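File shown: data-v7.txt (compact mmCIF, N, CA and C atoms).
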# COMPACT_ATOMS: atom_id res chain seq x y z
N MET A 1 0.82 -1.19 0.00
CA MET A 1 0.00 0.00 0.00
C MET A 1 0.87 1.26 0.00
N ARG A 2 1.96 1.25 0.78
CA ARG A 2 2.84 2.41 0.82
C ARG A 2 3.44 2.68 -0.55
N PHE A 3 3.73 1.63 -1.27
CA PHE A 3 4.29 1.79 -2.62
C PHE A 3 3.31 2.54 -3.51
N VAL A 4 2.05 2.20 -3.45
CA VAL A 4 1.02 2.85 -4.26
C VAL A 4 0.89 4.32 -3.87
N VAL A 5 0.90 4.60 -2.58
CA VAL A 5 0.81 5.99 -2.11
C VAL A 5 2.02 6.78 -2.61
N ARG A 6 3.20 6.21 -2.50
CA ARG A 6 4.41 6.89 -3.00
C ARG A 6 4.33 7.13 -4.50
N LEU A 7 3.83 6.15 -5.21
CA LEU A 7 3.70 6.28 -6.66
C LEU A 7 2.72 7.41 -7.02
N VAL A 8 1.62 7.49 -6.30
CA VAL A 8 0.64 8.55 -6.54
C VAL A 8 1.26 9.91 -6.21
N VAL A 9 1.98 10.01 -5.11
CA VAL A 9 2.62 11.28 -4.73
C VAL A 9 3.65 11.68 -5.78
N ILE A 10 4.42 10.76 -6.28
CA ILE A 10 5.42 11.06 -7.32
C ILE A 10 4.71 11.52 -8.60
N ALA A 11 3.64 10.85 -8.97
CA ALA A 11 2.90 11.24 -10.18
C ALA A 11 2.31 12.64 -10.03
N LEU A 12 1.75 12.94 -8.87
CA LEU A 12 1.19 14.27 -8.64
C LEU A 12 2.28 15.34 -8.66
N ALA A 13 3.42 15.04 -8.05
CA ALA A 13 4.53 15.99 -8.05
C ALA A 13 5.01 16.24 -9.48
N ALA A 14 5.05 15.20 -10.28
CA ALA A 14 5.47 15.36 -11.68
C ALA A 14 4.49 16.24 -12.45
N LEU A 15 3.20 16.05 -12.21
CA LEU A 15 2.19 16.88 -12.88
C LEU A 15 2.29 18.35 -12.46
N VAL A 16 2.52 18.58 -11.19
CA VAL A 16 2.68 19.95 -10.69
C VAL A 16 3.93 20.59 -11.32
N ALA A 17 5.01 19.83 -11.36
CA ALA A 17 6.25 20.35 -11.96
C ALA A 17 6.05 20.65 -13.44
N LEU A 18 5.35 19.79 -14.15
CA LEU A 18 5.07 20.02 -15.57
C LEU A 18 4.24 21.28 -15.76
N GLY A 19 3.21 21.44 -14.95
CA GLY A 19 2.36 22.63 -15.03
C GLY A 19 3.13 23.90 -14.71
N ALA A 20 3.95 23.85 -13.67
CA ALA A 20 4.75 25.02 -13.30
C ALA A 20 5.77 25.35 -14.39
N GLY A 21 6.39 24.32 -14.95
CA GLY A 21 7.35 24.54 -16.03
C GLY A 21 6.71 25.16 -17.25
N THR A 22 5.51 24.70 -17.57
CA THR A 22 4.79 25.25 -18.71
C THR A 22 4.42 26.71 -18.46
N MET A 23 3.97 27.02 -17.24
CA MET A 23 3.59 28.39 -16.93
C MET A 23 4.81 29.31 -16.97
N VAL A 24 5.92 28.89 -16.41
CA VAL A 24 7.12 29.71 -16.43
C VAL A 24 7.61 29.90 -17.88
N ALA A 25 7.61 28.83 -18.66
CA ALA A 25 8.06 28.93 -20.05
C ALA A 25 7.16 29.86 -20.85
N SER A 26 5.85 29.78 -20.64
CA SER A 26 4.93 30.59 -21.45
C SER A 26 5.02 32.07 -21.12
N GLU A 27 5.54 32.42 -19.97
CA GLU A 27 5.68 33.82 -19.59
C GLU A 27 7.09 34.36 -19.84
N SER A 28 7.95 33.57 -20.45
CA SER A 28 9.31 34.04 -20.70
C SER A 28 9.34 34.86 -21.99
N GLY A 29 10.22 35.82 -22.04
CA GLY A 29 10.34 36.65 -23.24
C GLY A 29 9.20 37.65 -23.33
N GLU A 30 9.05 38.23 -24.52
CA GLU A 30 8.01 39.24 -24.73
C GLU A 30 6.63 38.59 -24.77
N VAL A 31 5.73 39.12 -23.97
CA VAL A 31 4.36 38.63 -23.92
C VAL A 31 3.43 39.82 -24.13
N VAL A 32 2.47 39.66 -25.03
CA VAL A 32 1.47 40.70 -25.26
C VAL A 32 0.14 40.24 -24.66
N VAL A 33 -0.78 41.18 -24.49
CA VAL A 33 -2.12 40.86 -24.02
C VAL A 33 -3.07 41.03 -25.20
N LEU A 34 -3.79 39.97 -25.51
CA LEU A 34 -4.80 40.01 -26.56
C LEU A 34 -6.15 40.17 -25.90
N ARG A 35 -6.89 41.19 -26.31
CA ARG A 35 -8.23 41.43 -25.77
C ARG A 35 -9.26 41.03 -26.83
N THR A 36 -10.05 40.03 -26.49
CA THR A 36 -11.12 39.56 -27.37
C THR A 36 -12.45 39.72 -26.64
N THR A 37 -13.53 39.50 -27.38
CA THR A 37 -14.87 39.54 -26.80
C THR A 37 -15.59 38.26 -27.19
N ASN A 38 -16.22 37.61 -26.22
CA ASN A 38 -16.93 36.37 -26.54
C ASN A 38 -18.33 36.66 -27.07
N GLY A 39 -19.07 35.62 -27.41
CA GLY A 39 -20.40 35.76 -28.01
C GLY A 39 -21.40 36.49 -27.13
N ALA A 40 -21.18 36.48 -25.82
CA ALA A 40 -22.07 37.17 -24.89
C ALA A 40 -21.65 38.62 -24.68
N GLY A 41 -20.60 39.05 -25.40
CA GLY A 41 -20.13 40.42 -25.27
C GLY A 41 -19.18 40.64 -24.10
N GLU A 42 -18.75 39.55 -23.47
CA GLU A 42 -17.84 39.66 -22.33
C GLU A 42 -16.40 39.74 -22.80
N PRO A 43 -15.63 40.69 -22.27
CA PRO A 43 -14.22 40.80 -22.67
C PRO A 43 -13.38 39.69 -22.05
N HIS A 44 -12.31 39.36 -22.74
CA HIS A 44 -11.40 38.32 -22.25
C HIS A 44 -9.98 38.73 -22.62
N GLU A 45 -9.04 38.51 -21.71
CA GLU A 45 -7.64 38.82 -21.98
C GLU A 45 -6.82 37.53 -21.97
N THR A 46 -5.94 37.41 -22.95
CA THR A 46 -5.07 36.24 -23.07
C THR A 46 -3.64 36.73 -23.29
N ARG A 47 -2.70 36.13 -22.59
CA ARG A 47 -1.29 36.49 -22.73
C ARG A 47 -0.67 35.55 -23.77
N LEU A 48 0.00 36.15 -24.76
CA LEU A 48 0.56 35.38 -25.88
C LEU A 48 1.93 35.91 -26.28
N TRP A 49 2.66 35.05 -26.95
CA TRP A 49 3.92 35.47 -27.55
C TRP A 49 3.65 36.19 -28.86
N VAL A 50 4.60 36.99 -29.29
CA VAL A 50 4.46 37.75 -30.52
C VAL A 50 5.81 37.77 -31.25
N VAL A 51 5.76 37.72 -32.57
CA VAL A 51 6.96 37.89 -33.39
C VAL A 51 6.65 38.90 -34.50
N GLU A 52 7.70 39.43 -35.08
CA GLU A 52 7.57 40.34 -36.22
C GLU A 52 7.99 39.60 -37.48
N ASP A 53 7.24 39.82 -38.56
CA ASP A 53 7.60 39.27 -39.86
C ASP A 53 6.92 40.11 -40.94
N GLY A 54 7.70 40.55 -41.89
CA GLY A 54 7.14 41.32 -42.99
C GLY A 54 6.52 42.63 -42.53
N GLY A 55 7.07 43.23 -41.48
CA GLY A 55 6.55 44.49 -40.99
C GLY A 55 5.27 44.37 -40.18
N ARG A 56 4.88 43.15 -39.86
CA ARG A 56 3.65 42.93 -39.08
C ARG A 56 3.95 42.08 -37.85
N ALA A 57 3.10 42.25 -36.86
CA ALA A 57 3.18 41.39 -35.68
C ALA A 57 2.34 40.15 -35.94
N TRP A 58 2.79 39.03 -35.38
CA TRP A 58 2.10 37.75 -35.53
C TRP A 58 1.95 37.10 -34.16
N LEU A 59 0.81 36.46 -33.95
CA LEU A 59 0.55 35.62 -32.79
C LEU A 59 0.42 34.19 -33.30
N ARG A 60 0.23 33.27 -32.38
CA ARG A 60 0.05 31.87 -32.79
C ARG A 60 -0.84 31.16 -31.80
N SER A 61 -1.80 30.41 -32.34
CA SER A 61 -2.65 29.56 -31.50
C SER A 61 -2.23 28.12 -31.69
N GLY A 62 -2.07 27.41 -30.61
CA GLY A 62 -1.73 26.00 -30.70
C GLY A 62 -2.95 25.11 -30.78
N ASN A 63 -4.14 25.72 -30.61
CA ASN A 63 -5.35 24.92 -30.53
C ASN A 63 -6.52 25.73 -31.08
N GLU A 64 -7.09 25.28 -32.18
CA GLU A 64 -8.19 26.04 -32.77
C GLU A 64 -9.46 26.01 -31.92
N GLY A 65 -9.48 25.17 -30.90
CA GLY A 65 -10.62 25.13 -29.99
C GLY A 65 -10.46 26.02 -28.77
N ALA A 66 -9.30 26.69 -28.66
CA ALA A 66 -9.07 27.59 -27.52
C ALA A 66 -10.12 28.70 -27.54
N GLY A 67 -10.67 29.02 -26.39
CA GLY A 67 -11.73 30.01 -26.30
C GLY A 67 -11.36 31.34 -26.95
N TRP A 68 -10.17 31.84 -26.68
CA TRP A 68 -9.76 33.13 -27.25
C TRP A 68 -9.69 33.06 -28.77
N PHE A 69 -9.26 31.90 -29.31
CA PHE A 69 -9.15 31.77 -30.76
C PHE A 69 -10.54 31.69 -31.40
N VAL A 70 -11.46 30.97 -30.76
CA VAL A 70 -12.83 30.91 -31.25
C VAL A 70 -13.42 32.32 -31.28
N ASP A 71 -13.21 33.08 -30.20
CA ASP A 71 -13.70 34.46 -30.15
C ASP A 71 -13.08 35.30 -31.26
N LEU A 72 -11.80 35.15 -31.47
CA LEU A 72 -11.08 35.91 -32.50
C LEU A 72 -11.62 35.60 -33.90
N ARG A 73 -11.90 34.34 -34.16
CA ARG A 73 -12.43 33.98 -35.48
C ARG A 73 -13.82 34.57 -35.70
N GLU A 74 -14.61 34.62 -34.65
CA GLU A 74 -15.96 35.17 -34.78
C GLU A 74 -15.97 36.70 -34.80
N ARG A 75 -15.03 37.31 -34.08
CA ARG A 75 -14.92 38.76 -34.01
C ARG A 75 -13.45 39.13 -34.14
N PRO A 76 -12.94 39.27 -35.38
CA PRO A 76 -11.51 39.46 -35.61
C PRO A 76 -10.97 40.85 -35.26
N ASP A 77 -11.84 41.81 -35.01
CA ASP A 77 -11.36 43.13 -34.58
C ASP A 77 -11.08 43.05 -33.08
N VAL A 78 -9.78 43.09 -32.74
CA VAL A 78 -9.34 42.86 -31.37
C VAL A 78 -8.37 43.97 -30.97
N THR A 79 -7.97 43.96 -29.73
CA THR A 79 -6.96 44.88 -29.23
C THR A 79 -5.78 44.07 -28.73
N VAL A 80 -4.58 44.53 -29.09
CA VAL A 80 -3.36 43.91 -28.59
C VAL A 80 -2.62 44.98 -27.77
N VAL A 81 -2.24 44.62 -26.56
CA VAL A 81 -1.48 45.53 -25.72
C VAL A 81 -0.03 45.06 -25.74
N ARG A 82 0.83 45.90 -26.28
CA ARG A 82 2.26 45.57 -26.41
C ARG A 82 3.07 46.70 -25.80
N ASP A 83 3.93 46.36 -24.89
CA ASP A 83 4.71 47.37 -24.17
C ASP A 83 3.81 48.42 -23.53
N GLY A 84 2.65 47.99 -23.05
CA GLY A 84 1.73 48.89 -22.38
C GLY A 84 0.87 49.74 -23.29
N THR A 85 1.06 49.61 -24.61
CA THR A 85 0.31 50.41 -25.56
C THR A 85 -0.75 49.57 -26.25
N PRO A 86 -2.03 49.94 -26.10
CA PRO A 86 -3.08 49.19 -26.79
C PRO A 86 -3.16 49.60 -28.26
N LEU A 87 -3.37 48.62 -29.12
CA LEU A 87 -3.50 48.86 -30.55
C LEU A 87 -4.67 48.04 -31.07
N ASP A 88 -5.62 48.71 -31.71
CA ASP A 88 -6.75 48.01 -32.31
C ASP A 88 -6.32 47.45 -33.66
N VAL A 89 -6.52 46.17 -33.86
CA VAL A 89 -6.08 45.48 -35.08
C VAL A 89 -7.14 44.51 -35.55
N ARG A 90 -6.95 44.02 -36.75
CA ARG A 90 -7.75 42.92 -37.27
C ARG A 90 -6.83 41.70 -37.24
N ALA A 91 -7.31 40.62 -36.62
CA ALA A 91 -6.54 39.38 -36.48
C ALA A 91 -6.95 38.43 -37.59
N VAL A 92 -5.97 38.02 -38.40
CA VAL A 92 -6.26 37.20 -39.57
C VAL A 92 -5.48 35.88 -39.48
N PRO A 93 -6.15 34.76 -39.24
CA PRO A 93 -5.47 33.47 -39.27
C PRO A 93 -4.86 33.25 -40.66
N ASP A 94 -3.63 32.73 -40.68
CA ASP A 94 -2.89 32.57 -41.94
C ASP A 94 -2.10 31.27 -41.90
N VAL A 95 -2.81 30.16 -42.08
CA VAL A 95 -2.20 28.82 -41.96
C VAL A 95 -1.00 28.62 -42.89
N PRO A 96 -0.99 29.14 -44.14
CA PRO A 96 0.19 28.94 -44.98
C PRO A 96 1.49 29.50 -44.39
N ALA A 97 1.39 30.41 -43.43
CA ALA A 97 2.59 30.98 -42.80
C ALA A 97 3.10 30.14 -41.63
N ARG A 98 2.48 28.98 -41.38
CA ARG A 98 2.77 28.19 -40.18
C ARG A 98 4.27 27.89 -40.01
N GLU A 99 4.89 27.34 -41.01
CA GLU A 99 6.29 26.94 -40.87
C GLU A 99 7.18 28.14 -40.55
N ARG A 100 6.96 29.24 -41.26
CA ARG A 100 7.77 30.44 -41.06
C ARG A 100 7.55 31.03 -39.66
N ILE A 101 6.30 31.15 -39.23
CA ILE A 101 6.02 31.73 -37.92
C ILE A 101 6.48 30.80 -36.80
N ASN A 102 6.32 29.50 -36.96
CA ASN A 102 6.86 28.56 -35.97
C ASN A 102 8.37 28.73 -35.83
N ARG A 103 9.06 28.88 -36.96
CA ARG A 103 10.52 29.06 -36.92
C ARG A 103 10.88 30.36 -36.21
N LEU A 104 10.17 31.44 -36.54
CA LEU A 104 10.45 32.74 -35.91
C LEU A 104 10.16 32.71 -34.41
N MET A 105 9.08 32.06 -34.02
CA MET A 105 8.76 31.92 -32.60
C MET A 105 9.86 31.15 -31.88
N ASN A 106 10.34 30.07 -32.52
CA ASN A 106 11.39 29.28 -31.90
C ASN A 106 12.70 30.05 -31.80
N GLU A 107 13.00 30.84 -32.83
CA GLU A 107 14.22 31.66 -32.78
C GLU A 107 14.14 32.70 -31.67
N LYS A 108 12.97 33.29 -31.49
CA LYS A 108 12.82 34.35 -30.48
C LYS A 108 12.71 33.80 -29.07
N TYR A 109 11.95 32.71 -28.88
CA TYR A 109 11.66 32.22 -27.54
C TYR A 109 12.48 31.00 -27.14
N GLY A 110 13.23 30.44 -28.09
CA GLY A 110 14.21 29.40 -27.80
C GLY A 110 13.69 28.21 -27.03
N PHE A 111 14.37 27.94 -25.90
CA PHE A 111 14.06 26.75 -25.11
C PHE A 111 12.59 26.73 -24.68
N ALA A 112 12.05 27.89 -24.29
CA ALA A 112 10.67 27.93 -23.83
C ALA A 112 9.72 27.44 -24.92
N ASP A 113 9.95 27.87 -26.17
CA ASP A 113 9.11 27.41 -27.27
C ASP A 113 9.29 25.92 -27.52
N SER A 114 10.52 25.46 -27.45
CA SER A 114 10.79 24.02 -27.65
C SER A 114 10.14 23.19 -26.54
N TYR A 115 10.21 23.68 -25.32
CA TYR A 115 9.63 22.97 -24.17
C TYR A 115 8.12 22.81 -24.35
N ILE A 116 7.44 23.91 -24.62
CA ILE A 116 5.99 23.86 -24.79
C ILE A 116 5.63 23.05 -26.03
N GLY A 117 6.39 23.23 -27.10
CA GLY A 117 6.14 22.48 -28.33
C GLY A 117 6.29 20.98 -28.15
N PHE A 118 7.19 20.57 -27.26
CA PHE A 118 7.40 19.15 -26.99
C PHE A 118 6.11 18.51 -26.45
N PHE A 119 5.43 19.23 -25.58
CA PHE A 119 4.22 18.68 -24.96
C PHE A 119 2.96 18.90 -25.78
N PHE A 120 2.91 20.02 -26.49
CA PHE A 120 1.67 20.36 -27.18
C PHE A 120 1.78 20.33 -28.70
N GLY A 121 2.98 20.19 -29.22
CA GLY A 121 3.17 20.12 -30.66
C GLY A 121 2.98 21.47 -31.34
N ARG A 122 3.44 21.53 -32.58
CA ARG A 122 3.31 22.75 -33.37
C ARG A 122 2.77 22.46 -34.77
N ASP A 123 2.52 21.20 -35.08
CA ASP A 123 2.08 20.81 -36.42
C ASP A 123 0.74 21.43 -36.82
N ASP A 124 -0.11 21.70 -35.84
CA ASP A 124 -1.43 22.27 -36.12
C ASP A 124 -1.53 23.72 -35.66
N ALA A 125 -0.40 24.33 -35.33
CA ALA A 125 -0.42 25.72 -34.88
C ALA A 125 -1.02 26.62 -35.95
N ILE A 126 -1.69 27.66 -35.52
CA ILE A 126 -2.34 28.58 -36.45
C ILE A 126 -1.73 29.97 -36.27
N PRO A 127 -0.94 30.41 -37.24
CA PRO A 127 -0.39 31.77 -37.19
C PRO A 127 -1.50 32.80 -37.37
N ILE A 128 -1.37 33.91 -36.68
CA ILE A 128 -2.38 34.97 -36.75
C ILE A 128 -1.67 36.28 -37.06
N ARG A 129 -1.94 36.79 -38.23
CA ARG A 129 -1.36 38.05 -38.69
C ARG A 129 -2.18 39.20 -38.13
N LEU A 130 -1.52 40.20 -37.57
CA LEU A 130 -2.21 41.36 -37.02
C LEU A 130 -2.10 42.51 -38.03
N GLU A 131 -3.24 42.96 -38.51
CA GLU A 131 -3.27 44.03 -39.51
C GLU A 131 -3.87 45.28 -38.89
N ALA A 132 -3.24 46.43 -39.18
CA ALA A 132 -3.78 47.69 -38.71
C ALA A 132 -5.16 47.88 -39.32
N LYS A 133 -6.08 48.35 -38.51
CA LYS A 133 -7.44 48.57 -38.99
C LYS A 133 -7.49 49.87 -39.79
N ALA A 134 -8.23 49.84 -40.89
CA ALA A 134 -8.39 51.03 -41.72
C ALA A 134 -9.17 52.07 -40.93
N ARG A 135 -8.79 53.30 -41.10
CA ARG A 135 -9.48 54.38 -40.37
C ARG A 135 -10.44 55.10 -41.24
Step by step, read the file and then write its structure as structure tokens.
Amino acid sequence: MRFVVRLVVIALAALVALGAGTMVASESGEVVVLRTTNGAGEPHETRLWVVEDGGRAWLRSGNEGAGWFVDLRERPDVTVVRDGTPLDVRAVPDVPARERINRLMNEKYGFADSYIGFFFGRDDAIPIRLEAKAR
């Protein structure tokens, strides 16, 4: 019985360590705040990594079922807060840019990107191009 208890404690400790490692990795480097609105009109903030490519900022979703990504697809006019400055943009998913944006994210975020990618993969990642809204 003690063996089973020890095994459960070790498994729980490993899960906590994995979760803590993922949280620390996801907050390393430059992080922006994406402000979206859900179908009920409620605002939501999500912290994400950002890279520059072709004169534009890019985000990336690892899961098309993520609440913030669903909101973004339904209402692509969003606000991104970068370096404390809010900017209203149109968020445009751009799957053909996946390989390039994955590479740029890995170059910028290094080990943290590799760590998270190991557990969650990047094959289905969805790059999101941020375009300035026309005035």
Return as JSON the box centre and box size in Å, one decimal, for an axis-aligned box around all listed atoms of segment 48-63 of chain A padded by 5 Å per side.
{"center_x": 0.7, "center_y": 34.7, "center_z": -33.9, "size_x": 24.5, "size_y": 29.6, "size_z": 28.2}
Residues within 6 Å of segment 86-89 of chain A, all atoms listed in the file, excluding chain neighbours under 6 positions, as a list in words: Pro76, Asp77, Val78, Thr79, Val80, Leu130, Glu131, Ala132 and Lys133 of chain A
Please produce an output containing N, CA and C atoms for each residue in the selection, written as a CSV table (one decimal), in the frame of the given file.
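Full text of part_27.csv as output:
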chain,number,residue,atom,x,y,z
A,76,PRO,N,-12.9,39.3,-35.4
A,76,PRO,CA,-11.5,39.5,-35.6
A,76,PRO,C,-11.0,40.8,-35.3
A,77,ASP,N,-11.8,41.8,-35.0
A,77,ASP,CA,-11.4,43.1,-34.6
A,77,ASP,C,-11.1,43.0,-33.1
A,78,VAL,N,-9.8,43.1,-32.7
A,78,VAL,CA,-9.3,42.9,-31.4
A,78,VAL,C,-8.4,44.0,-31.0
A,79,THR,N,-8.0,44.0,-29.7
A,79,THR,CA,-7.0,44.9,-29.2
A,79,THR,C,-5.8,44.1,-28.7
A,80,VAL,N,-4.6,44.5,-29.1
A,80,VAL,CA,-3.4,43.9,-28.6
A,80,VAL,C,-2.6,45.0,-27.8
A,130,LEU,N,-1.5,40.2,-37.6
A,130,LEU,CA,-2.2,41.4,-37.0
A,130,LEU,C,-2.1,42.5,-38.0
A,131,GLU,N,-3.2,43.0,-38.5
A,131,GLU,CA,-3.3,44.0,-39.5
A,131,GLU,C,-3.9,45.3,-38.9
A,132,ALA,N,-3.2,46.4,-39.2
A,132,ALA,CA,-3.8,47.7,-38.7
A,132,ALA,C,-5.2,47.9,-39.3
A,133,LYS,N,-6.1,48.4,-38.5
A,133,LYS,CA,-7.4,48.6,-39.0
A,133,LYS,C,-7.5,49.9,-39.8
Proximity of segment 74-123 of chain A to segment 55-64 of chain A: per-residue shortest pair, 8 Å limit, only C-alpha atoms, as a Markdown table:
| residue | atom | partner | partner_atom | distance |
| --- | --- | --- | --- | --- |
| A:Ile101 | CA | A:Trp58 | CA | 7.6 |
| A:Phe120 | CA | A:Gly62 | CA | 7.5 |
| A:Gly121 | CA | A:Gly62 | CA | 7.7 |
| A:Arg122 | CA | A:Gly62 | CA | 6.6 |
Pick out the residues sitting within 6 Å of Glu30 of chain A, and hand them over as a short mmCIF file (atom, residue, chain, number, x, y, z; two decimals) with N, CA and C atoms, in the frame of the given file; count all atoms listed in the file, and ignore anything fewer than 2 positions along from it in its own chain.
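Output file selection33.cif is given in full below:
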data_model
loop_
_atom_site.label_atom_id
_atom_site.label_comp_id
_atom_site.auth_asym_id
_atom_site.auth_seq_id
_atom_site.Cartn_x
_atom_site.Cartn_y
_atom_site.Cartn_z
N SER A 28 7.95 33.57 -20.45
CA SER A 28 9.31 34.04 -20.70
C SER A 28 9.34 34.86 -21.99
N VAL A 32 2.47 39.66 -25.03
CA VAL A 32 1.47 40.70 -25.26
C VAL A 32 0.14 40.24 -24.66
N LEU A 48 0.00 36.15 -24.76
CA LEU A 48 0.56 35.38 -25.88
C LEU A 48 1.93 35.91 -26.28
N TRP A 49 2.66 35.05 -26.95
CA TRP A 49 3.92 35.47 -27.55
C TRP A 49 3.65 36.19 -28.86
N VAL A 50 4.60 36.99 -29.29
CA VAL A 50 4.46 37.75 -30.52
C VAL A 50 5.81 37.77 -31.25
#
